[in-house]
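One structure is given here, and the rest of the page talks about it.
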Amino acid sequence: MQNLLAPGHRACAGCSMPTVIKLVLDAAGPDTIVVSPTGCLEVTTTPFPESAWCVPWLHSLFENAAAVASGVEVALKRFHKKANVLIIGGDGSTFDIGMGSNSGMFERGHKVTYVCYDNEAYMNTGVQRSGSTPFCAHTTTTPAGEISLGNPRPKKDMPAIALAHRVPYVATASVAYPVDLRKKVKKAIEVQGPSYIQVNAPCITGWTYDAGNTVEIARLAVETGLWPLFEYMNGQLTEVKKVRRPKPVEEYLKIQGRYRHLFKKPNGAEVRKQIQAMADANIAKYSLVD
Amino acid sequence: MSNVMAGELVGPGSTKITKTGAWRTFVPRIDQKKCIKCSLCEIYCPESSVHQVKDPISGDLIFDIDLDYCKGCGICEHECPRHAIRMELEEK
Amino acid sequence: MMKVVEGSYAVAHATMCCSPDVVSAYPITPQTHIVEHLSQMVADGDLNAEFLTVDSEFSALSVLVGSSAMGARCYSSTTSQGLALMYEVLYNVSGLRMPVVMTVANRALGAPLNIWNDQQDSIGARDVGWLQLYVENVQEAVDTTPQAYKIAEDLDILTPIMVCMDGFILTHVYEPVELLDKEKVASFLPAFKPKYVLDPANPMTIGAFADPSTFTEFRYLQFEAQKKALSKIETVAKEFQETFGRYFGGLIDTYQMDDAEVVLVTMGSVIGTIKDAIDEMRSEGIKVGLVKVRSYRPFPVQALRKALKDADVIAVIEKDVSIGNEAGLVTDLKAAFYNSKIRTPIVGFTAGLGGRDITVKDIKNVVQKASAARKGIESEFEFLDLRTEILP
């Protein structure tokens, strides 16, 4: 495996994001230029005068990675050079503040592979709710409280938004399925246009669990049906990862502190049922069970 | 430093000067007899601190931890299918 | 060859002659014609550049962050609300030392919404680290475009630059212009040769974060680069004159200053009106002169002290307000003089806000008021053309 992300970066012990980057870069190879928005990734990997990146890397602002990457791609074409252009950014930038930029990049059809490491909140600034935060998850701006059960809104369907922009390759992936993630990145970089891969990336600090459980939690997200692994090519669903015997969502929820209130509060059981229904809906929609 | 300051340019892989091994409380120990060399520990390690090296005595390829950077997160212990890795409290 | 063309076309043509690699701009009145002409030039094969129809001004400049990091020569254009929308990126481009050239078609900022000319937009952005040159007519807008690239792309400067031209007044006017010749521009303006670019063969990280131990030094280096730009702007203006035979000033320019007692100081297209007014007043024996500020950033302190030292009174006319404290140009000028030995009274006038016409009569009014101030300043700063009759 090529190590295009050097150690010595400041990510939390057990953070899934460096593993995601490692796998993505291994699949993309050294002829790759990475553009990142502000976030955990940017802050932990590039404290001046150090950088963990062994490929060319550019950071501008929180909400413009897609526009910046468009500029890189266009200049590459102009100078008749070949390299993969990747965006690696978090859900905060991707789902919310960067929406305008993303929409423009997708719509203009730039050959850019967008990898979103999705830890389901604004983690870099201290675990605040993002458009990606799942239903009833505790964050500092949607905290569980006397009269609150956490985030009142369901997770924004970013892959659907990418599909609505006719992005030719849209997939979900997970840090717990490294072979699948690498395969998807390899497919994405071949696409003559934009691609979008959303990678489930658990966060110890934000989701609250023991560091060693990072991969296990990501696996459970897939095994419960809450994080379906799928792939769309040119708008058609072409692949899903089957789940032989879906596990009940409780197994996933109970080991994370951000859902602890769902096991303590009287109406927690009702919410767990609703979350199970969301998992069941995914299982039906993507035919996750044979 | 002066000519890389224009535009905030930084050389590749330069985080290597920061030895994050100092963060550790627990250190992983690999039982080579149980290890089946599946390389899942290498794949999952966020610090890229598990490497295949040549054992100095036997000459076999074994998996080893780079203690300069290992933060002691325990993902390797958790994911090893043969429970060949144990996290131990590190004596400092 | 002289041609009667629209100001926007002339600027687009000048940009084309500079052979930009990437053009990224979002339409906004009164800049739209510049962008449309550039699109047509690309469509006809006259301009060989990558042209992006972006989703917002914010994205427009962000695209150029990416392209400039790849070593591309970049161009954008905006105004008013668009400049405000890209405010965050302005700091980013200057902090990353990217020599982007951007035409700002000066327009008022809402609220209230107003599409007509004033200079609130660029003067309000004077601290963002961009160089700013203000042009007085279409010819100067044309001539200043290649000069802007030459200044910005100098490896000692590496600072983005706004070429400010009054919206509608200069963008939509039709006047005779000597359009540039592409080959001649190429002899004047060398190719952009950046030192560091994104290149897998030599991987570098651009845009790391700087903690308190290093941030100040980054700002200091930008500050020093603008200081170097003071002489570079002069040099490049002279080089342009040698190649093309035209000169509109370097950091500043002067008109009828030999024995001027009342001196007007301003930026932009109102200079045309002021020159006419001065000619009239001179014929009446009034000793009035003009100092044109061409470079607003870097602010030419020494050049202004030298040019204004013999004036009896100075009147600054500008199309902006610094709401809460007078206006940008007059406060910068007063600050430039405070520690010098010059004790000339300086009075400030804001006029032309939101596109209100500044007439020869208005200029004469300023000169009268300024003259009276020689005996003592009654009003340090006023709204010259206030319509008191419509105030509640």
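Labeling convention for the structure tokens: chains A, B, ... as they appear, residues from 1 per chain, ligands from 1 in order of appearance.
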With chain B as the partner and 8 Å as the cut-off, tabulate the residues of chain A that qualify, each row holding the nearest pair of atoms and their distance in Å to one decimal, using only C-alpha atoms, sorted by chain and rising number, as JSON lines.
{"residue": "A:Asn3", "atom": "CA", "partner": "B:Ser48", "partner_atom": "CA", "distance": 7.2}
{"residue": "A:Leu5", "atom": "CA", "partner": "B:Gly13", "partner_atom": "CA", "distance": 7.0}
{"residue": "A:Ala6", "atom": "CA", "partner": "B:Gly13", "partner_atom": "CA", "distance": 5.0}
{"residue": "A:Pro7", "atom": "CA", "partner": "B:Glu47", "partner_atom": "CA", "distance": 5.1}
{"residue": "A:Gly8", "atom": "CA", "partner": "B:Thr15", "partner_atom": "CA", "distance": 4.7}
{"residue": "A:His9", "atom": "CA", "partner": "B:Thr15", "partner_atom": "CA", "distance": 5.8}
{"residue": "A:Arg10", "atom": "CA", "partner": "B:Thr20", "partner_atom": "CA", "distance": 7.7}
{"residue": "A:Ala13", "atom": "CA", "partner": "B:Cys73", "partner_atom": "CA", "distance": 5.0}
{"residue": "A:Gly14", "atom": "CA", "partner": "B:Cys73", "partner_atom": "CA", "distance": 4.7}
{"residue": "A:Cys15", "atom": "CA", "partner": "B:Pro46", "partner_atom": "CA", "distance": 6.6}
{"residue": "A:Ser16", "atom": "CA", "partner": "B:Pro46", "partner_atom": "CA", "distance": 6.7}
{"residue": "A:Met17", "atom": "CA", "partner": "B:Pro46", "partner_atom": "CA", "distance": 7.5}
{"residue": "A:Pro18", "atom": "CA", "partner": "B:Pro46", "partner_atom": "CA", "distance": 5.0}
{"residue": "A:Thr19", "atom": "CA", "partner": "B:Pro46", "partner_atom": "CA", "distance": 4.7}
{"residue": "A:Lys22", "atom": "CA", "partner": "B:Pro46", "partner_atom": "CA", "distance": 8.0}
{"residue": "A:Leu23", "atom": "CA", "partner": "B:Ile43", "partner_atom": "CA", "distance": 7.8}
{"residue": "A:Thr45", "atom": "CA", "partner": "B:Thr15", "partner_atom": "CA", "distance": 7.6}
{"residue": "A:Thr46", "atom": "CA", "partner": "B:Thr15", "partner_atom": "CA", "distance": 7.9}
{"residue": "A:Phe48", "atom": "CA", "partner": "B:Val10", "partner_atom": "CA", "distance": 7.0}
{"residue": "A:Pro49", "atom": "CA", "partner": "B:Val10", "partner_atom": "CA", "distance": 5.8}
{"residue": "A:Glu50", "atom": "CA", "partner": "B:Ser14", "partner_atom": "CA", "distance": 4.8}
{"residue": "A:Ser51", "atom": "CA", "partner": "B:Ser14", "partner_atom": "CA", "distance": 5.1}
{"residue": "A:Ala52", "atom": "CA", "partner": "B:Gly13", "partner_atom": "CA", "distance": 4.4}
{"residue": "A:Trp53", "atom": "CA", "partner": "B:Gly13", "partner_atom": "CA", "distance": 5.3}
{"residue": "A:Cys54", "atom": "CA", "partner": "B:Pro12", "partner_atom": "CA", "distance": 4.6}
{"residue": "A:Val55", "atom": "CA", "partner": "B:Pro12", "partner_atom": "CA", "distance": 7.0}
{"residue": "A:Pro56", "atom": "CA", "partner": "B:Pro12", "partner_atom": "CA", "distance": 7.9}
{"residue": "A:Pro178", "atom": "CA", "partner": "B:Ile43", "partner_atom": "CA", "distance": 7.6}
{"residue": "A:Ala211", "atom": "CA", "partner": "B:Cys73", "partner_atom": "CA", "distance": 5.3}
{"residue": "A:Gly212", "atom": "CA", "partner": "B:Ile75", "partner_atom": "CA", "distance": 4.0}
{"residue": "A:Asn213", "atom": "CA", "partner": "B:Ile75", "partner_atom": "CA", "distance": 6.4}
{"residue": "A:Thr214", "atom": "CA", "partner": "B:Ile75", "partner_atom": "CA", "distance": 6.8}
{"residue": "A:Val215", "atom": "CA", "partner": "B:Ile75", "partner_atom": "CA", "distance": 7.1}
{"residue": "A:Glu216", "atom": "CA", "partner": "B:Glu79", "partner_atom": "CA", "distance": 7.7}
Keeping only C-alpha atoms, write the selected residues as a PDB file, in the first residue's frame.
ATOM      1  CA  ASN A   3       1.540   5.801   1.958  1.00  0.00           C
ATOM      2  CA  LEU A   5      -0.569  10.447   3.803  1.00  0.00           C
ATOM      3  CA  ALA A   6       2.341  10.678   6.217  1.00  0.00           C
ATOM      4  CA  PRO A   7       2.019   9.987   9.941  1.00  0.00           C
ATOM      5  CA  GLY A   8       2.534  12.718  12.502  1.00  0.00           C
ATOM      6  CA  HIS A   9      -0.812  14.342  11.661  1.00  0.00           C
ATOM      7  CA  ARG A  10      -2.917  15.587  14.559  1.00  0.00           C
ATOM      8  CA  ALA A  13      -6.335   8.554  18.118  1.00  0.00           C
ATOM      9  CA  GLY A  14      -8.659   6.158  16.308  1.00  0.00           C
ATOM     10  CA  CYS A  15     -10.126   8.724  13.926  1.00  0.00           C
ATOM     11  CA  SER A  16     -11.533   7.098  10.791  1.00  0.00           C
ATOM     12  CA  MET A  17     -10.669   9.998   8.504  1.00  0.00           C
ATOM     13  CA  PRO A  18      -6.928   9.329   8.017  1.00  0.00           C
ATOM     14  CA  THR A  19      -7.750   5.708   7.172  1.00  0.00           C
ATOM     15  CA  LYS A  22      -5.055   6.586   3.023  1.00  0.00           C
ATOM     16  CA  LEU A  23      -7.338   4.199   1.149  1.00  0.00           C
ATOM     17  CA  THR A  45      -3.023  17.396   8.361  1.00  0.00           C
ATOM     18  CA  THR A  46      -1.588  20.836   7.551  1.00  0.00           C
ATOM     19  CA  PHE A  48       2.177  25.165   9.020  1.00  0.00           C
ATOM     20  CA  PRO A  49       5.041  24.453   8.516  1.00  0.00           C
ATOM     21  CA  GLU A  50       4.097  20.745   8.410  1.00  0.00           C
ATOM     22  CA  SER A  51       1.931  18.812   6.013  1.00  0.00           C
ATOM     23  CA  ALA A  52       1.005  15.128   6.000  1.00  0.00           C
ATOM     24  CA  TRP A  53       0.183  15.180   2.280  1.00  0.00           C
ATOM     25  CA  CYS A  54       2.538  13.506  -0.167  1.00  0.00           C
ATOM     26  CA  VAL A  55       0.460  14.608  -3.131  1.00  0.00           C
ATOM     27  CA  PRO A  56      -0.155  18.238  -4.159  1.00  0.00           C
ATOM     28  CA  PRO A 178     -11.763  -0.875   2.546  1.00  0.00           C
ATOM     29  CA  ALA A 211     -11.393   4.624  20.071  1.00  0.00           C
ATOM     30  CA  GLY A 212     -10.792   1.001  19.085  1.00  0.00           C
ATOM     31  CA  ASN A 213     -14.454   0.571  18.007  1.00  0.00           C
ATOM     32  CA  THR A 214     -14.270   2.943  15.022  1.00  0.00           C
ATOM     33  CA  VAL A 215     -14.315   0.299  12.310  1.00  0.00           C
ATOM     34  CA  GLU A 216     -16.815  -1.900  14.171  1.00  0.00           C
TER      35      GLU A 216
END
At a cut-off of 6 Å, which residues of chain A touch chain C? Count only C-alpha atoms and give the answer as an mmCIF file with N, CA and C atoms, in the first residue's frame.
data_model
loop_
_atom_site.group_PDB
_atom_site.id
_atom_site.type_symbol
_atom_site.label_atom_id
_atom_site.label_comp_id
_atom_site.auth_asym_id
_atom_site.auth_seq_id
_atom_site.Cartn_x
_atom_site.Cartn_y
_atom_site.Cartn_z
ATOM 1 N N ASP A 31 -0.393 10.461 -8.952
ATOM 2 C CA ASP A 31 -0.715 11.495 -9.933
ATOM 3 C C ASP A 31 -2.085 12.089 -9.623
ATOM 4 N N THR A 46 -2.458 19.772 8.076
ATOM 5 C CA THR A 46 -1.588 20.836 7.551
ATOM 6 C C THR A 46 -1.337 21.975 8.520
ATOM 7 N N PRO A 47 -0.748 21.686 9.668
ATOM 8 C CA PRO A 47 -0.369 22.796 10.547
ATOM 9 C C PRO A 47 0.960 23.369 10.076
ATOM 10 N N PHE A 48 0.940 24.570 9.528
ATOM 11 C CA PHE A 48 2.177 25.165 9.020
ATOM 12 C C PHE A 48 3.247 25.142 10.092
ATOM 13 N N VAL A 55 0.920 14.215 -1.810
ATOM 14 C CA VAL A 55 0.460 14.608 -3.131
ATOM 15 C C VAL A 55 0.204 16.112 -3.059
ATOM 16 N N PRO A 56 0.141 16.801 -4.223
ATOM 17 C CA PRO A 56 -0.155 18.238 -4.159
ATOM 18 C C PRO A 56 -1.529 18.469 -3.535
ATOM 19 N N TRP A 57 -1.607 19.450 -2.677
ATOM 20 C CA TRP A 57 -2.830 19.647 -1.898
ATOM 21 C C TRP A 57 -3.098 21.132 -1.776
ATOM 22 N N LEU A 58 -4.369 21.509 -1.918
ATOM 23 C CA LEU A 58 -4.753 22.928 -1.880
ATOM 24 C C LEU A 58 -5.952 23.131 -0.981
ATOM 25 N N HIS A 59 -5.847 24.106 -0.123
ATOM 26 C CA HIS A 59 -6.983 24.469 0.732
ATOM 27 C C HIS A 59 -7.283 25.945 0.536
ATOM 28 N N ALA A 67 -15.598 24.680 -6.163
ATOM 29 C CA ALA A 67 -15.253 25.724 -7.132
ATOM 30 C C ALA A 67 -13.742 25.742 -7.355
ATOM 31 N N VAL A 68 -12.985 25.613 -6.285
ATOM 32 C CA VAL A 68 -11.526 25.609 -6.398
ATOM 33 C C VAL A 68 -11.067 24.413 -7.233
ATOM 34 N N ALA A 69 -11.657 23.246 -6.965
ATOM 35 C CA ALA A 69 -11.295 22.050 -7.729
ATOM 36 C C ALA A 69 -11.655 22.222 -9.203
ATOM 37 N N SER A 70 -12.760 22.916 -9.461
ATOM 38 C CA SER A 70 -13.132 23.210 -10.857
ATOM 39 C C SER A 70 -12.010 23.995 -11.532
ATOM 40 N N GLY A 71 -11.456 24.958 -10.798
ATOM 41 C CA GLY A 71 -10.375 25.770 -11.352
ATOM 42 C C GLY A 71 -9.124 24.948 -11.598
ATOM 43 N N VAL A 72 -8.835 24.003 -10.712
ATOM 44 C CA VAL A 72 -7.670 23.131 -10.899
ATOM 45 C C VAL A 72 -7.867 22.268 -12.135
ATOM 46 N N ALA A 75 -7.523 24.177 -15.400
ATOM 47 C CA ALA A 75 -6.134 24.531 -15.693
ATOM 48 C C ALA A 75 -5.351 23.297 -16.155
ATOM 49 N N GLY A 104 -22.686 23.920 -8.562
ATOM 50 C CA GLY A 104 -22.074 24.464 -9.767
ATOM 51 C C GLY A 104 -21.078 23.493 -10.390
#
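Of the residues in stretch 240-287 of chain C, those given strand (DSSP E or B) by DSSP on the backbone are C:Ile252, C:Asp253, C:Thr254, C:Tyr255, C:Val262, C:Val263, C:Leu264, C:Val265, C:Thr266.
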Taking N, CA and C atoms for each residue, export the selection above as a CSV table (one decimal), in the first residue's frame.
chain,number,residue,atom,x,y,z
C,252,ILE,N,0.2,58.4,-9.0
C,252,ILE,CA,-0.7,59.6,-9.1
C,252,ILE,C,-0.5,60.3,-10.5
C,253,ASP,N,-1.3,61.2,-10.8
C,253,ASP,CA,-1.1,62.1,-11.9
C,253,ASP,C,-1.5,63.5,-11.5
C,254,THR,N,-1.1,64.5,-12.2
C,254,THR,CA,-1.5,65.9,-11.8
C,254,THR,C,-2.0,66.6,-13.0
C,255,TYR,N,-2.8,67.7,-12.7
C,255,TYR,CA,-3.3,68.5,-13.8
C,255,TYR,C,-3.3,69.9,-13.3
C,262,VAL,N,-5.9,76.1,-4.8
C,262,VAL,CA,-7.0,75.1,-4.4
C,262,VAL,C,-6.7,73.8,-5.2
C,263,VAL,N,-6.5,72.7,-4.5
C,263,VAL,CA,-6.2,71.5,-5.1
C,263,VAL,C,-7.3,70.5,-4.9
C,264,LEU,N,-7.8,69.9,-5.9
C,264,LEU,CA,-8.8,68.8,-5.8
C,264,LEU,C,-8.1,67.5,-5.9
C,265,VAL,N,-8.5,66.6,-5.0
C,265,VAL,CA,-8.0,65.2,-5.0
C,265,VAL,C,-9.1,64.2,-5.2
C,266,THR,N,-8.9,63.3,-6.2
C,266,THR,CA,-10.0,62.4,-6.4
C,266,THR,C,-9.5,61.1,-7.2
* To do: Find the spatial neighbours of C:Val142, counting only C-alpha atoms, within a cut-off of 7 Å - ignore same-chain residues fewer than 3 positions away - and output them as an MDAnalysis selection string.
  => chainID C and resid 10:11 14 138:139 145
* Asked: So which residues touch A:Thr224 within 7 Å, counting only C-alpha atoms, skipping near sequence neighbours fewer than 5 positions away, as a list in words?
  -> Pro246, Lys247, Pro248, Val249 and Ala279 of chain A
* Separation of atom CA of C:Glu380 from atom CA of C:Ile317 in Å -> 12.2 Å
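Going from atom CA of C:Asp332 over to atom CA of C:Arg219, you cover 20.2 Å.
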* Structure fact -> Closest of C:Trp116, C:Tyr196, C:Phe337, C:Tyr87 to C:Ile28, counting only C-alpha atoms, is C:Trp116
